[in-house]
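entry30.cif follows (mmCIF, C-alpha atoms and all ligand atoms):
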```cif
data_upload
#
loop_
_atom_site.label_atom_id
_atom_site.label_comp_id
_atom_site.auth_asym_id
_atom_site.auth_seq_id
_atom_site.Cartn_x
_atom_site.Cartn_y
_atom_site.Cartn_z
CA MET A 1 175.19 18.14 66.50
CA ARG A 2 178.16 20.52 66.82
CA MET A 3 178.49 23.54 64.54
CA ARG A 4 180.75 26.57 64.51
CA ARG A 5 178.92 29.58 65.94
CA LYS A 6 177.55 31.64 63.07
CA LYS A 7 178.76 35.20 62.68
CA ASN A 8 176.21 37.84 63.72
CA LEU A 9 173.84 35.10 64.78
CA GLU A 10 171.57 37.38 66.82
CA THR A 11 171.18 39.87 63.98
CA HIS A 12 170.31 37.15 61.50
CA LEU A 13 167.81 35.61 63.92
CA ASP A 14 166.17 39.00 64.48
CA GLU A 15 165.60 39.14 60.73
CA CYS A 16 163.57 35.92 60.93
CA GLY A 17 160.63 37.78 62.53
CA VAL A 18 157.77 35.54 63.68
CA TYR A 19 159.61 32.40 62.59
CA PHE A 20 161.99 32.63 65.55
CA THR A 21 161.07 32.87 69.24
CA GLU A 22 163.47 32.36 72.10
CA LEU A 23 162.68 31.17 75.61
CA HIS A 24 164.83 32.96 78.13
CA GLU A 25 165.66 30.52 80.91
CA SER A 26 168.66 31.02 83.14
CA THR A 27 168.28 28.17 85.59
CA LEU A 28 167.80 24.44 85.36
CA ASP A 29 165.52 24.51 88.37
CA THR A 30 162.11 24.17 86.76
CA ARG A 31 160.28 24.57 90.08
CA GLU A 32 161.21 28.14 90.83
CA LYS A 33 159.84 30.04 87.87
CA SER A 34 156.21 30.80 87.24
CA GLU A 35 154.31 30.07 84.07
CA SER A 36 154.37 32.51 81.18
CA PHE A 37 152.44 31.00 78.32
CA LEU A 38 153.25 31.91 74.76
CA ASN A 39 150.41 33.44 72.79
CA LEU A 40 150.45 30.87 70.01
CA ASP A 41 147.32 32.24 68.29
CA GLU A 42 149.17 35.52 67.89
CA LEU A 43 152.44 33.86 66.87
CA PHE A 44 150.76 31.82 64.11
CA GLY A 45 148.20 34.51 63.25
CA ARG A 46 145.39 31.99 63.65
CA THR A 47 143.91 29.36 65.98
CA ALA A 48 144.59 25.78 64.89
CA PRO A 49 145.48 22.46 66.52
CA LEU A 50 149.11 22.22 67.53
CA LEU A 51 151.82 19.68 66.64
CA LEU A 52 155.19 19.87 68.36
CA GLU A 53 158.55 18.61 67.21
CA ILE A 54 161.19 18.56 69.95
CA GLY A 55 164.86 18.66 68.96
CA CYS A 56 164.08 19.67 65.38
CA GLY A 57 167.69 20.36 64.34
CA LYS A 58 167.79 22.05 60.93
CA GLY A 59 164.01 21.85 60.59
CA GLY A 60 163.61 19.77 57.42
CA PHE A 61 161.07 17.41 58.99
CA ALA A 62 159.02 20.26 60.47
CA ALA A 63 158.91 22.07 57.12
CA LYS A 64 157.67 18.96 55.30
CA LEU A 65 155.17 18.27 58.10
CA ALA A 66 153.82 21.82 57.87
CA LYS A 67 153.32 21.48 54.12
CA ARG A 68 151.63 18.11 54.48
CA TYR A 69 149.25 19.30 57.21
CA PRO A 70 148.31 22.93 56.47
CA GLU A 71 145.38 22.66 58.90
CA PHE A 72 147.79 22.30 61.88
CA ASN A 73 150.13 24.78 63.50
CA ILE A 74 153.60 23.26 63.77
CA LEU A 75 155.92 24.41 66.55
CA ALA A 76 159.46 23.08 66.18
CA VAL A 77 161.57 23.28 69.34
CA GLU A 78 165.37 23.22 69.39
CA LYS A 79 167.79 24.20 72.12
CA SER A 80 170.64 25.17 69.80
CA LYS A 81 170.22 28.65 68.37
CA ASN A 82 173.01 28.10 65.91
CA VAL A 83 171.22 25.16 64.30
CA LEU A 84 167.90 27.02 64.19
CA LEU A 85 169.11 29.84 61.99
CA SER A 86 169.08 27.83 58.78
CA ALA A 87 165.74 26.27 59.75
CA CYS A 88 164.15 29.71 60.23
CA LYS A 89 165.68 31.12 57.05
CA ASP A 90 164.43 28.19 54.96
CA ALA A 91 160.91 28.44 56.39
CA MET A 92 160.88 32.19 55.80
CA ALA A 93 162.16 31.83 52.21
CA ASP A 94 159.48 29.20 51.58
CA GLU A 95 156.87 31.42 53.26
CA ILE A 96 155.48 28.46 55.22
CA PRO A 97 152.56 30.03 57.10
CA ASN A 98 151.93 27.31 59.71
CA LEU A 99 155.50 26.71 60.97
CA ARG A 100 157.29 28.50 63.80
CA PHE A 101 160.55 27.72 65.61
CA LEU A 102 161.10 27.98 69.35
CA CYS A 103 164.59 28.08 70.79
CA GLY A 104 164.70 26.51 74.24
CA GLY A 105 164.99 23.30 76.21
CA ALA A 106 162.18 20.76 76.25
CA GLU A 107 162.40 20.76 80.04
CA TYR A 108 160.78 24.23 80.17
CA LEU A 109 157.91 23.69 77.75
CA ALA A 110 155.18 23.11 80.31
CA ARG A 111 155.74 26.65 81.59
CA HIS A 112 155.31 28.17 78.13
CA ILE A 113 152.68 26.06 76.37
CA LYS A 114 149.19 25.82 77.88
CA PRO A 115 148.35 22.41 79.38
CA HIS A 116 146.72 19.79 77.19
CA THR A 117 146.87 21.81 73.96
CA VAL A 118 149.29 19.64 71.93
CA GLU A 119 147.86 17.03 69.56
CA ARG A 120 151.14 15.25 68.84
CA ILE A 121 154.78 15.35 69.88
CA TYR A 122 157.48 14.18 67.47
CA LEU A 123 160.84 13.04 68.86
CA ASN A 124 163.05 12.44 65.85
CA PHE A 125 166.54 11.04 66.41
CA SER A 126 166.83 12.74 69.78
CA CYS A 127 170.38 12.65 71.15
CA PRO A 128 170.75 9.17 72.73
CA PHE A 129 173.24 10.34 75.41
CA PRO A 130 174.75 6.82 75.68
CA LYS A 131 176.60 7.38 78.97
CA ALA A 132 174.55 6.20 81.96
CA ARG A 133 175.36 9.38 83.90
CA HIS A 134 173.67 11.43 81.14
CA ALA A 135 170.50 9.32 81.04
CA SER A 136 168.40 12.14 82.53
CA ARG A 137 169.14 14.26 79.41
CA ARG A 138 167.48 11.77 77.07
CA LEU A 139 164.21 13.18 75.79
CA THR A 140 162.31 10.11 76.98
CA ALA A 141 163.69 10.25 80.55
CA PRO A 142 160.92 10.33 83.21
CA ALA A 143 161.16 14.10 83.84
CA PHE A 144 160.57 14.83 80.14
CA LEU A 145 157.64 12.40 80.00
CA ASP A 146 156.07 14.37 82.89
CA VAL A 147 156.39 17.53 80.81
CA TYR A 148 154.80 15.84 77.76
CA LYS A 149 151.91 14.55 79.92
CA GLN A 150 151.15 18.11 80.90
CA LEU A 151 151.20 19.27 77.27
CA LEU A 152 149.36 16.47 75.49
CA SER A 153 145.63 16.74 74.88
CA LYS A 154 143.26 13.81 75.24
CA ASP A 155 144.01 11.05 72.71
CA ALA A 156 147.24 12.78 71.66
CA GLN A 157 150.32 10.77 70.74
CA ILE A 158 154.09 10.82 70.89
CA HIS A 159 155.84 9.58 67.74
CA GLN A 160 159.48 8.62 68.19
CA LYS A 161 162.12 7.55 65.67
CA THR A 162 165.72 6.65 66.45
CA ASP A 163 168.62 4.64 65.04
CA HIS A 164 169.79 3.74 68.54
CA PRO A 165 168.51 0.38 69.89
CA ARG A 166 169.45 0.99 73.53
CA PHE A 167 167.83 4.41 73.54
CA PHE A 168 164.75 2.83 71.95
CA GLU A 169 164.61 0.21 74.74
CA PHE A 170 165.08 2.95 77.34
CA SER A 171 162.18 4.87 75.76
CA ILE A 172 159.87 1.86 75.69
CA GLU A 173 160.65 1.13 79.34
CA ASN A 174 160.04 4.69 80.51
CA LEU A 175 156.95 5.28 78.39
CA THR A 176 155.41 2.06 79.68
CA LYS A 177 156.29 2.87 83.31
CA ALA A 178 154.72 6.31 82.84
CA GLY A 179 151.43 4.73 81.73
CA PHE A 180 151.72 5.21 77.96
CA LYS A 181 150.48 2.47 75.66
CA LEU A 182 152.42 1.66 72.51
CA GLN A 183 151.27 0.95 68.97
CA ASN A 184 152.80 0.59 65.51
CA VAL A 185 156.20 -0.31 66.93
CA SER A 186 158.73 -0.98 64.19
CA LEU A 187 162.28 -2.30 64.53
CA ASP A 188 163.08 -1.58 60.88
CA LEU A 189 160.89 1.22 59.57
CA HIS A 190 162.34 1.35 56.08
CA ASN A 191 161.73 -2.37 55.55
CA SER A 192 158.21 -2.26 56.96
CA ASP A 193 154.86 -1.52 55.30
CA PHE A 194 154.60 1.86 57.06
CA GLU A 195 153.47 4.54 54.60
CA GLY A 196 153.88 8.29 54.66
CA ASN A 197 157.18 8.53 56.54
CA ILE A 198 158.75 11.98 56.51
CA MET A 199 162.54 11.70 56.51
CA THR A 200 164.64 13.88 58.78
CA GLU A 201 168.21 15.05 58.12
CA TYR A 202 169.68 12.49 60.54
CA GLU A 203 167.45 9.74 59.22
CA SER A 204 168.77 10.21 55.66
CA ARG A 205 172.32 9.74 56.93
CA PHE A 206 171.48 6.62 58.94
CA VAL A 207 169.51 5.07 56.08
CA GLU A 208 172.46 5.68 53.74
CA LEU A 209 174.65 3.84 56.25
CA GLY A 210 172.20 0.90 56.13
CA LYS A 211 171.16 1.28 59.79
CA PRO A 212 167.68 0.10 60.81
CA ILE A 213 165.32 2.83 62.03
CA TYR A 214 163.24 2.18 65.14
CA ARG A 215 159.84 3.83 65.46
CA LEU A 216 156.95 3.86 67.91
CA GLU A 217 153.74 5.67 68.69
CA ALA A 218 152.75 6.19 72.33
CA TYR A 219 149.45 7.35 73.78
CA LEU A 220 147.84 7.62 77.22
C1 LIG B 1 170.60 14.34 66.83
S1 LIG B 1 169.81 15.84 66.54
C2 LIG B 1 168.43 15.36 65.48
C3 LIG B 1 167.88 16.52 64.67
C4 LIG B 1 166.64 16.21 63.83
N1 LIG B 1 165.51 15.87 64.67
C5 LIG B 1 166.88 15.13 62.82
O1 LIG B 1 166.34 14.03 62.99
O2 LIG B 1 167.59 15.38 61.83
C6 LIG B 1 169.01 16.14 68.10
C7 LIG B 1 168.69 17.60 68.36
O3 LIG B 1 167.99 17.69 69.60
C8 LIG B 1 168.40 18.88 70.25
N2 LIG B 1 168.13 18.74 71.70
C9 LIG B 1 168.79 17.92 72.57
N3 LIG B 1 168.27 18.06 73.80
C10 LIG B 1 167.27 18.97 73.71
C11 LIG B 1 166.38 19.54 74.65
N4 LIG B 1 166.41 19.21 75.97
N5 LIG B 1 165.47 20.45 74.22
C12 LIG B 1 165.44 20.82 72.91
N6 LIG B 1 166.28 20.32 71.98
C13 LIG B 1 167.17 19.40 72.37
C14 LIG B 1 169.88 19.00 69.91
O4 LIG B 1 170.34 20.33 70.04
C15 LIG B 1 169.92 18.48 68.48
O5 LIG B 1 169.84 19.52 67.53
#
```

Would you kindly transcribe this structure into structure tokens?
Amino acid sequence: MRMRRKKNLETHLDECGVYFTELHESTLDTREKSESFLNLDELFGRTAPLLLEIGCGKGGFAAKLAKRYPEFNILAVEKSKNVLLSACKDAMADEIPNLRFLCGGAEYLARHIKPHTVERIYLNFSCPFPKARHASRRLTAPAFLDVYKQLLSKDAQIHQKTDHPRFFEFSIENLTKAGFKLQNVSLDLHNSDFEGNIMTEYESRFVELGKPIYRLEAYL
């Protein structure tokens, strides 16, 4: 997702108050830095079970999820600040109380979210990074699955959707190797009997193009 950098981005993000939090990470070496956990009770103004969306883009899915499940806190993570601005503004305008956005890379999350406190992780149309040399950037690459294992609570699940068959295969292979079990696997979500799907921005585009949507649920 490439966008032109918004004018006065930092100022606009500052105006988003609690809706926007940024992780400040300057190195890709995840081993060197110590943990500094976010105070999520303070950020949400309450204690509630936590759902995480990683790579939330413009935040449409997270907003609908938050409205559907008011009893959960929804933390939507996105590494592009530029993309997050409209997500934060929409959530603020809608006054969604149980939704917050976190700007940062998924690779750092285990340092900022307490272990085993996440009830579900959503990976919606994560960038497939088709080139083999970029495979480690895919959000279901082994290093990311290690991060998710640290975050997920007992009986928690990962829900993934993608339009990309090879990325889906890659995900199934890595999840299985990492000890996850799979359920409700669909090779054509929109022509299946699955109910209650929440569409994302990318999903709407792919469905319009007539592409099948792949979906799975993974648990340990
Ligand atoms: C293809 S977009 C999909 C957006 C949205 N989930 C949807 O379905 O409409 C993938 C998003 O994941 C973000 N992303 C990619 N790698 C990431 C990472 N390591 N950590 C956090 N976000 C990431 C990208 O910046 C991009 O906005």

Using all atoms listed in the file, I'd like a table of the residues in chain A that come within 6 Å of ligand LIG 1 (chain B); for each, show the closest atom pair and its distance in Å rounded to one decimal, ordered by chain and ascending number, as JSON lines.
```
{"residue": "A:Met1", "atom": "CA", "partner": "B:LIG1", "partner_atom": "O5", "distance": 5.6}
{"residue": "A:Ile54", "atom": "CA", "partner": "B:LIG1", "partner_atom": "C12", "distance": 5.7}
{"residue": "A:Gly55", "atom": "CA", "partner": "B:LIG1", "partner_atom": "O3", "distance": 3.3}
{"residue": "A:Cys56", "atom": "CA", "partner": "B:LIG1", "partner_atom": "N1", "distance": 4.1}
{"residue": "A:Gly57", "atom": "CA", "partner": "B:LIG1", "partner_atom": "C3", "distance": 3.9}
{"residue": "A:Val77", "atom": "CA", "partner": "B:LIG1", "partner_atom": "C12", "distance": 5.8}
{"residue": "A:Glu78", "atom": "CA", "partner": "B:LIG1", "partner_atom": "N6", "distance": 4.0}
{"residue": "A:Lys79", "atom": "CA", "partner": "B:LIG1", "partner_atom": "N6", "distance": 4.2}
{"residue": "A:Ser80", "atom": "CA", "partner": "B:LIG1", "partner_atom": "O4", "distance": 4.9}
{"residue": "A:Gly104", "atom": "CA", "partner": "B:LIG1", "partner_atom": "C12", "distance": 5.9}
{"residue": "A:Gly105", "atom": "CA", "partner": "B:LIG1", "partner_atom": "N5", "distance": 3.5}
{"residue": "A:Ala106", "atom": "CA", "partner": "B:LIG1", "partner_atom": "N5", "distance": 3.9}
{"residue": "A:Glu107", "atom": "CA", "partner": "B:LIG1", "partner_atom": "N4", "distance": 5.9}
{"residue": "A:Asn124", "atom": "CA", "partner": "B:LIG1", "partner_atom": "N1", "distance": 4.4}
{"residue": "A:Phe125", "atom": "CA", "partner": "B:LIG1", "partner_atom": "O1", "distance": 4.5}
{"residue": "A:Ser126", "atom": "CA", "partner": "B:LIG1", "partner_atom": "C6", "distance": 4.4}
{"residue": "A:Cys127", "atom": "CA", "partner": "B:LIG1", "partner_atom": "C1", "distance": 4.6}
{"residue": "A:Thr200", "atom": "CA", "partner": "B:LIG1", "partner_atom": "O2", "distance": 4.5}
{"residue": "A:Glu201", "atom": "CA", "partner": "B:LIG1", "partner_atom": "O2", "distance": 3.8}
{"residue": "A:Tyr202", "atom": "CA", "partner": "B:LIG1", "partner_atom": "O2", "distance": 3.8}
{"residue": "A:Glu203", "atom": "CA", "partner": "B:LIG1", "partner_atom": "O1", "distance": 5.8}
```

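Proximity of A:His134, A:Gly59, A:Pro128, A:Arg111 to Asp90 in chain A, computed with only C-alpha atoms, is greatest for A:Gly59.
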
Just give me the gap between CA of Lys81 in chain A and CA of Lys7 in chain A in Å, one decimal is fine.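 Here the two named atoms are 12.2 Å from each other.
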
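The gap separating CA of Asp163 in chain A from CA of Lys211 in chain A is 6.7 Å, in Å to one decimal.
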
Interatomic distance between CA of Ala87 in chain A and CA of Ile158 in chain A?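 Interatomic distance here is 22.3 Å.
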
What's around Ser192 in chain A at 12 Å? Count all atoms listed in the file, leave out sequence neighbours fewer than 6 positions away in its own chain, and write the answer as number ranges by chain. A: 184-186, 212-215

Which residues, written as a PDB file with C-alpha atoms, in the coordinates of the input, have at least one atom at most 12 Å from Glu95 in chain A, with all atoms listed in the file counted and residues fewer than 5 positions away on the same chain left out?
```pdb
ATOM      1  CA  CYS A  16     163.570  35.920  60.930  1.00  0.00           C
ATOM      2  CA  GLY A  17     160.630  37.780  62.530  1.00  0.00           C
ATOM      3  CA  VAL A  18     157.770  35.540  63.680  1.00  0.00           C
ATOM      4  CA  TYR A  19     159.610  32.400  62.590  1.00  0.00           C
ATOM      5  CA  ALA A  63     158.910  22.070  57.120  1.00  0.00           C
ATOM      6  CA  ALA A  66     153.820  21.820  57.870  1.00  0.00           C
ATOM      7  CA  LYS A  67     153.320  21.480  54.120  1.00  0.00           C
ATOM      8  CA  CYS A  88     164.150  29.710  60.230  1.00  0.00           C
ATOM      9  CA  LYS A  89     165.680  31.120  57.050  1.00  0.00           C
ATOM     10  CA  ASP A  90     164.430  28.190  54.960  1.00  0.00           C
ATOM     11  CA  ARG A 100     157.290  28.500  63.800  1.00  0.00           C
TER      12      ARG A 100
END
```

For Leu65 in chain A, which of A:Ala218, A:Leu84, A:Leu13, A:Met199 is the closest residue, counting all atoms listed in the file? A:Met199

Would you mind telling me which residue in A:Gln150, A:Asn8, A:Asn191, A:Asn174 lies nearest to Leu85 in chain A when using only C-alpha atoms? A:Asn8
